[in-house]
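Here's coords_4.cif, which has mmCIF, C-alpha atoms and all ligand atoms; chains and numbers go by the auth columns:
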data_data
loop_
_atom_site.group_PDB
_atom_site.id
_atom_site.type_symbol
_atom_site.label_atom_id
_atom_site.label_comp_id
_atom_site.label_asym_id
_atom_site.label_seq_id
_atom_site.Cartn_x
_atom_site.Cartn_y
_atom_site.Cartn_z
_atom_site.B_iso_or_equiv
_atom_site.auth_seq_id
_atom_site.auth_asym_id
ATOM 1 C CA MET A 1 13.472 38.835 -86.736 0.00 1 A
ATOM 2 C CA ASN A 2 10.423 39.922 -84.755 0.00 2 A
ATOM 3 C CA ASN A 3 9.802 41.908 -81.581 0.00 3 A
ATOM 4 C CA ASP A 4 9.801 38.810 -79.380 0.00 4 A
ATOM 5 C CA TYR A 5 13.259 37.858 -80.590 0.00 5 A
ATOM 6 C CA ILE A 6 14.617 41.341 -79.936 0.00 6 A
ATOM 7 C CA ARG A 7 13.090 41.430 -76.468 0.00 7 A
ATOM 8 C CA LYS A 8 14.663 38.084 -75.580 0.00 8 A
ATOM 9 C CA ARG A 9 18.053 39.230 -76.836 0.00 9 A
ATOM 10 C CA THR A 10 17.738 42.451 -74.841 0.00 10 A
ATOM 11 C CA GLN A 11 16.831 40.573 -71.643 0.00 11 A
ATOM 12 C CA CYS A 12 19.741 38.208 -72.181 0.00 12 A
ATOM 13 C CA PHE A 13 22.081 41.132 -72.731 0.00 13 A
ATOM 14 C CA GLY A 14 20.765 42.903 -69.637 0.00 14 A
ATOM 15 C CA MET A 15 21.358 39.804 -67.510 0.00 15 A
ATOM 16 C CA SER A 16 24.933 39.474 -68.792 0.00 16 A
ATOM 17 C CA MET A 17 25.593 43.131 -68.009 0.00 17 A
ATOM 18 C CA MET A 18 24.213 42.671 -64.495 0.00 18 A
ATOM 19 C CA VAL A 19 26.421 39.635 -63.831 0.00 19 A
ATOM 20 C CA MET A 20 29.410 41.548 -65.193 0.00 20 A
ATOM 21 C CA GLY A 21 28.570 44.544 -63.027 0.00 21 A
ATOM 22 C CA VAL A 22 28.337 42.414 -59.882 0.00 22 A
ATOM 23 C CA SER A 23 31.626 40.707 -60.759 0.00 23 A
ATOM 24 C CA PHE A 24 33.383 44.062 -61.208 0.00 24 A
ATOM 25 C CA PHE A 25 31.890 45.308 -57.956 0.00 25 A
ATOM 26 C CA LEU A 26 33.189 42.251 -56.080 0.00 26 A
ATOM 27 C CA TYR A 27 36.529 42.567 -57.863 0.00 27 A
ATOM 28 C CA TYR A 28 37.020 46.143 -56.679 0.00 28 A
ATOM 29 C CA LEU A 29 36.021 45.173 -53.164 0.00 29 A
ATOM 30 C CA GLY A 30 39.006 42.844 -53.319 0.00 30 A
ATOM 31 C CA LEU A 31 37.090 39.563 -53.242 0.00 31 A
ATOM 32 C CA PHE A 32 39.401 37.849 -55.714 0.00 32 A
ATOM 33 C CA GLY A 33 42.471 38.855 -53.786 0.00 33 A
ATOM 34 C CA ASN A 34 44.153 40.846 -56.538 0.00 34 A
ATOM 35 C CA VAL A 35 42.880 44.242 -55.404 0.00 35 A
ATOM 36 C CA GLU A 36 43.205 45.503 -51.846 0.00 36 A
ATOM 37 C CA GLY A 37 39.693 46.090 -50.497 0.00 37 A
ATOM 38 C CA PRO A 38 37.316 45.253 -47.667 0.00 38 A
ATOM 39 C CA LEU A 39 36.543 41.834 -49.157 0.00 39 A
ATOM 40 C CA SER A 40 40.146 40.692 -49.617 0.00 40 A
ATOM 41 C CA PRO A 41 40.396 37.046 -48.530 0.00 41 A
ATOM 42 C CA GLY A 42 42.917 37.909 -45.830 0.00 42 A
ATOM 43 C CA LYS A 43 40.664 40.617 -44.416 0.00 43 A
ATOM 44 C CA ILE A 44 37.598 38.360 -44.459 0.00 44 A
ATOM 45 C CA GLY A 45 39.627 35.740 -42.605 0.00 45 A
ATOM 46 C CA ALA A 46 40.833 38.252 -40.049 0.00 46 A
ATOM 47 C CA SER A 47 37.402 39.735 -39.388 0.00 47 A
ATOM 48 C CA LEU A 48 35.793 36.280 -39.153 0.00 48 A
ATOM 49 C CA ALA A 49 38.483 35.158 -36.713 0.00 49 A
ATOM 50 C CA GLY A 50 37.799 38.371 -34.783 0.00 50 A
ATOM 51 C CA ILE A 51 34.171 37.378 -34.164 0.00 51 A
ATOM 52 C CA GLY A 52 35.164 33.787 -33.359 0.00 52 A
ATOM 53 C CA VAL A 53 34.182 32.142 -36.642 0.00 53 A
ATOM 54 C CA THR A 54 36.710 29.590 -37.797 0.00 54 A
ATOM 55 C CA LYS A 55 37.541 28.716 -41.380 0.00 55 A
ATOM 56 C CA ALA A 56 35.747 25.396 -40.902 0.00 56 A
ATOM 57 C CA HIS A 57 32.557 27.134 -39.764 0.00 57 A
ATOM 58 C CA ALA A 58 32.585 29.507 -42.706 0.00 58 A
ATOM 59 C CA LEU A 59 33.296 26.641 -45.085 0.00 59 A
ATOM 60 C CA MET A 60 30.442 24.592 -43.632 0.00 60 A
ATOM 61 C CA PHE A 61 28.107 27.557 -44.009 0.00 61 A
ATOM 62 C CA PHE A 62 28.891 28.221 -47.656 0.00 62 A
ATOM 63 C CA LEU A 63 29.070 24.520 -48.476 0.00 63 A
ATOM 64 C CA SER A 64 25.581 23.861 -47.119 0.00 64 A
ATOM 65 C CA PHE A 65 24.414 27.034 -48.858 0.00 65 A
ATOM 66 C CA PHE A 66 25.936 25.708 -52.077 0.00 66 A
ATOM 67 C CA ILE A 67 24.300 22.280 -51.680 0.00 67 A
ATOM 68 C CA ILE A 68 20.886 23.834 -50.995 0.00 68 A
ATOM 69 C CA ALA A 69 21.249 26.188 -53.974 0.00 69 A
ATOM 70 C CA MET A 70 22.236 23.263 -56.185 0.00 70 A
ATOM 71 C CA THR A 71 19.537 20.840 -55.099 0.00 71 A
ATOM 72 C CA TRP A 72 16.443 22.825 -54.105 0.00 72 A
ATOM 73 C CA ASN A 73 14.649 22.429 -57.427 0.00 73 A
ATOM 74 C CA HIS A 74 15.439 18.712 -57.600 0.00 74 A
ATOM 75 C CA LEU A 75 14.023 18.239 -54.106 0.00 75 A
ATOM 76 C CA TYR A 76 10.988 20.299 -55.012 0.00 76 A
ATOM 77 C CA ASN A 77 10.482 18.238 -58.174 0.00 77 A
ATOM 78 C CA LEU A 78 10.771 15.021 -56.194 0.00 78 A
ATOM 79 C CA VAL A 79 8.160 16.159 -53.688 0.00 79 A
ATOM 80 C CA SER A 80 5.877 17.406 -56.479 0.00 80 A
ATOM 81 C CA LEU A 81 6.222 14.072 -58.269 0.00 81 A
ATOM 82 C CA MET A 82 5.335 12.148 -55.135 0.00 82 A
ATOM 83 C CA MET A 83 2.389 14.394 -54.385 0.00 83 A
ATOM 84 C CA GLY A 84 1.186 14.262 -57.967 0.00 84 A
ATOM 85 C CA SER A 85 1.340 17.981 -58.587 0.00 85 A
ATOM 86 C CA ARG A 86 2.865 19.898 -61.519 0.00 86 A
ATOM 87 C CA LEU A 87 1.423 17.387 -63.964 0.00 87 A
ATOM 88 C CA THR A 88 0.880 18.417 -67.551 0.00 88 A
ATOM 89 C CA CYS A 89 -1.651 17.316 -70.132 0.00 89 A
ATOM 90 C CA ASN A 90 -0.386 14.798 -72.712 0.00 90 A
ATOM 91 C CA HIS A 91 -3.302 15.320 -75.073 0.00 91 A
ATOM 92 C CA LYS A 92 -2.228 15.744 -78.698 0.00 92 A
ATOM 93 C CA ASN A 93 -4.254 17.757 -81.157 0.00 93 A
ATOM 94 C CA LYS A 94 -4.568 17.007 -84.869 0.00 94 A
ATOM 95 C CA GLU A 95 -1.231 18.668 -85.636 0.00 95 A
ATOM 96 C CA GLY A 96 0.474 16.565 -82.989 0.00 96 A
ATOM 97 C CA HIS A 97 1.030 19.425 -80.556 0.00 97 A
ATOM 98 C CA ILE A 98 1.019 18.360 -76.919 0.00 98 A
ATOM 99 C CA CYS A 99 -1.415 20.475 -74.891 0.00 99 A
ATOM 100 C CA GLY A 100 0.919 20.835 -71.878 0.00 100 A
ATOM 101 C CA ALA A 101 -1.612 22.636 -69.673 0.00 101 A
ATOM 102 C CA LEU A 102 -1.597 21.932 -65.960 0.00 102 A
ATOM 103 C CA THR A 103 -3.628 18.865 -65.217 0.00 103 A
ATOM 104 C CA ARG A 104 -4.872 17.043 -62.157 0.00 104 A
ATOM 105 C CA LYS A 105 -5.605 13.504 -61.223 0.00 105 A
ATOM 106 C CA ILE A 106 -9.198 12.360 -61.075 0.00 106 A
ATOM 107 C CA LYS A 107 -10.325 8.953 -59.981 0.00 107 A
ATOM 108 C CA THR A 108 -13.116 7.314 -61.901 0.00 108 A
ATOM 109 C CA GLY A 109 -14.563 4.212 -60.361 0.00 109 A
ATOM 110 C CA THR A 110 -13.162 2.295 -57.447 0.00 110 A
ATOM 111 C CA ASP A 111 -11.649 -0.753 -59.196 0.00 111 A
ATOM 112 C CA LYS A 112 -7.896 -0.186 -59.440 0.00 112 A
ATOM 113 C CA LYS A 113 -7.382 -3.049 -61.885 0.00 113 A
ATOM 114 C CA LYS A 114 -9.487 -1.320 -64.488 0.00 114 A
ATOM 115 C CA GLY A 115 -7.239 1.696 -64.252 0.00 115 A
ATOM 116 C CA GLY A 116 -9.419 4.058 -62.301 0.00 116 A
ATOM 117 C CA VAL A 117 -7.082 7.031 -62.698 0.00 117 A
ATOM 118 C CA ARG A 118 -7.627 9.715 -65.319 0.00 118 A
ATOM 119 C CA TYR A 119 -6.076 13.103 -65.726 0.00 119 A
ATOM 120 C CA THR A 120 -8.030 16.143 -66.701 0.00 120 A
ATOM 121 C CA CYS A 121 -6.594 19.493 -67.749 0.00 121 A
ATOM 122 C CA VAL A 122 -7.917 23.046 -67.688 0.00 122 A
ATOM 123 C CA ASN A 123 -8.740 22.789 -71.412 0.00 123 A
ATOM 124 C CA GLY A 124 -11.053 19.884 -70.716 0.00 124 A
ATOM 125 C CA HIS A 125 -8.954 17.029 -72.094 0.00 125 A
ATOM 126 C CA THR A 126 -8.999 13.702 -70.319 0.00 126 A
ATOM 127 C CA CYS A 127 -5.904 11.497 -70.569 0.00 127 A
ATOM 128 C CA PHE A 128 -4.805 8.147 -69.207 0.00 128 A
ATOM 129 C CA ASN A 129 -1.367 9.465 -68.349 0.00 129 A
ATOM 130 C CA ALA A 130 0.160 12.839 -67.694 0.00 130 A
ATOM 131 C CA GLY A 131 3.542 14.435 -68.155 0.00 131 A
ATOM 132 C CA PHE A 132 5.561 16.071 -65.441 0.00 132 A
ATOM 133 C CA ARG A 133 6.829 19.630 -65.609 0.00 133 A
ATOM 134 C CA PRO A 134 9.967 19.989 -63.501 0.00 134 A
ATOM 135 C CA VAL A 135 11.081 23.290 -62.009 0.00 135 A
ATOM 136 C CA LYS A 136 14.274 24.493 -63.639 0.00 136 A
ATOM 137 C CA LYS A 137 16.788 26.905 -62.195 0.00 137 A
ATOM 138 C CA GLY A 138 16.776 30.438 -63.559 0.00 138 A
ATOM 139 C CA SER A 139 19.868 32.603 -64.050 0.00 139 A
ATOM 140 C CA VAL A 140 19.521 33.993 -60.508 0.00 140 A
ATOM 141 C CA SER A 141 19.617 30.467 -59.049 0.00 141 A
ATOM 142 C CA HIS A 142 22.676 29.637 -61.095 0.00 142 A
ATOM 143 C CA THR A 143 24.375 32.839 -59.960 0.00 143 A
ATOM 144 C CA VAL A 144 23.643 31.949 -56.318 0.00 144 A
ATOM 145 C CA TRP A 145 25.243 28.494 -56.415 0.00 145 A
ATOM 146 C CA VAL A 146 28.217 29.746 -58.423 0.00 146 A
ATOM 147 C CA THR A 147 28.737 32.501 -55.833 0.00 147 A
ATOM 148 C CA ALA A 148 28.451 30.038 -52.922 0.00 148 A
ATOM 149 C CA LEU A 149 30.951 27.714 -54.623 0.00 149 A
ATOM 150 C CA LEU A 150 33.271 30.662 -55.215 0.00 150 A
ATOM 151 C CA PHE A 151 33.206 31.508 -51.505 0.00 151 A
ATOM 152 C CA CYS A 152 33.990 27.862 -50.652 0.00 152 A
ATOM 153 C CA VAL A 153 37.011 27.926 -52.955 0.00 153 A
ATOM 154 C CA ILE A 154 38.168 31.283 -51.541 0.00 154 A
ATOM 155 C CA ILE A 155 37.896 30.003 -47.967 0.00 155 A
ATOM 156 C CA LEU A 156 39.717 26.772 -48.833 0.00 156 A
ATOM 157 C CA TYR A 157 42.598 28.247 -50.794 0.00 157 A
ATOM 158 C CA GLY A 158 42.555 31.961 -50.049 0.00 158 A
ATOM 159 C CA ALA A 159 42.107 32.944 -46.428 0.00 159 A
HETATM 160 ZN ZN ZN B . -5.061 19.443 -72.269 0.00 201 A
#
Take the structure from the file and write it as structure tokens.
Amino acid sequence: MNNDYIRKRTQCFGMSMMVMGVSFFLYYLGLFGNVEGPLSPGKIGASLAGIGVTKAHALMFFLSFFIIAMTWNHLYNLVSLMMGSRLTCNHKNKEGHICGALTRKIKTGTDKKKGGVRYTCVNGHTCFNAGFRPVKKGSVSHTVWVTALLFCVIILYGA
């Protein structure tokens, strides 16, 4: 057990507490419908209807929000892959560790058949192929799509 381990555990704990805090906050605002508050599904419905927003509109809004929150990193990865960015070095050292540093494509020579593409990383390795480092969602991203989904469900079955 070292300092790094403790720090990670503390961060993890802090994140859980934050999510719990937000959940309690929303609960007491009546979001889940079991406590009477400004965010009670019925009240949301009434106030939305008051400003001329229908259930369908609200559902469309949160559904598209949900889809964007779910897919943004996949789209970003796809674009990065096509553009040849976010590549990582595949060079292995004597112990078999992969370097993994950011690398870029360099073209050597003009004859494509001889494989004119090389990859070079910031540590000075040159490889014939490179890995790809995808963007992964963090806990905030996950919280956002869960929240958007929650709103969809509330609009569908609650209000
Ligand atoms: Zn490298």
message = List as number ranges by chain the protein and nucleic acid residues lying within 7 Å of ligand ZN 201 (chain A), with only C-alpha atoms and all ligand atoms counted.
response = A: 89-91, 99-101, 121-125
inquiry  = Ranking A:Leu102, A:Ala56, A:Ile6, A:Leu81 by minimum distance to A:Ile155 and counting all atoms listed in the file, which one comes first?
reply    =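 Of the candidates, the smallest distance to A:Ile155 is held by A:Ala56.
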inquiry  = With the PyMOL selection byres (((chain A and resi 143) around 12) and not hetatm) as the selection, what would be picked from this file? Answer as number ranges by chain, please.
reply    = A: 15-16, 18-20, 22-23, 66, 69-70, 137-142, 144-150
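Across A:Pro134, A:Ile44, A:Arg104, A:Phe24, the tightest approach to A:Ser80 is made by A:Pro134 when counting all atoms listed in the file.
Take the PyMOL selection byres (((chain A and resi 106) around 8) and not hetatm) and apply it to this file: it picks A:Arg104, A:Lys105, A:Lys107, A:Thr108, A:Val117, A:Arg118, A:Tyr119, A:Thr120.
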request  = Quote the spacing between atom CA of A:Ser64 and atom CA of A:Gly50 in Å to one decimal place.
outcome  = 22.6 Å
request  = Figure out the distance between atom CA of A:Gly52 and atom CA of A:Tyr157, please, to one decimal in Å.
outcome  =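 If I compute the distance from atom CA of A:Tyr157 to atom CA of A:Gly52, I get 19.7 Å.
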ask   = Written as JSON, numbers by chain, which residues does the PyMOL selection byres (((chain A and resi 130) around 8) and not hetatm) give for the file shown?
value = {"A": [87, 88, 89, 90, 103, 119, 127, 128, 129, 131, 132]}
Could the residues in this selection be written to a file with C-alpha atoms, as a tab-separated table (two decimals), in the coordinates of the input?
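Written out: selection-v8.tsv:
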chain	number	residue	atom	x	y	z
A	87	LEU	CA	1.42	17.39	-63.96
A	88	THR	CA	0.88	18.42	-67.55
A	89	CYS	CA	-1.65	17.32	-70.13
A	90	ASN	CA	-0.39	14.80	-72.71
A	103	THR	CA	-3.63	18.86	-65.22
A	119	TYR	CA	-6.08	13.10	-65.73
A	127	CYS	CA	-5.90	11.50	-70.57
A	128	PHE	CA	-4.80	8.15	-69.21
A	129	ASN	CA	-1.37	9.46	-68.35
A	131	GLY	CA	3.54	14.44	-68.16
A	132	PHE	CA	5.56	16.07	-65.44
ask   = Just how far from atom CA of A:Val53 is atom CA of A:Val153, in Å to one decimal?
value =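 Computing it gives 17.1 Å between the two atoms.
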Using 8 Å of padding on each side, determine the axis-aligned box around all atoms of stretch 10-19 of chain A present in the file and give its centre and edge lengths in Å to one decimal, as AutoDock Vina command-line options.
--center_x 21.6 --center_y 40.7 --center_z -69.3 --size_x 25.6 --size_y 20.9 --size_z 27.0
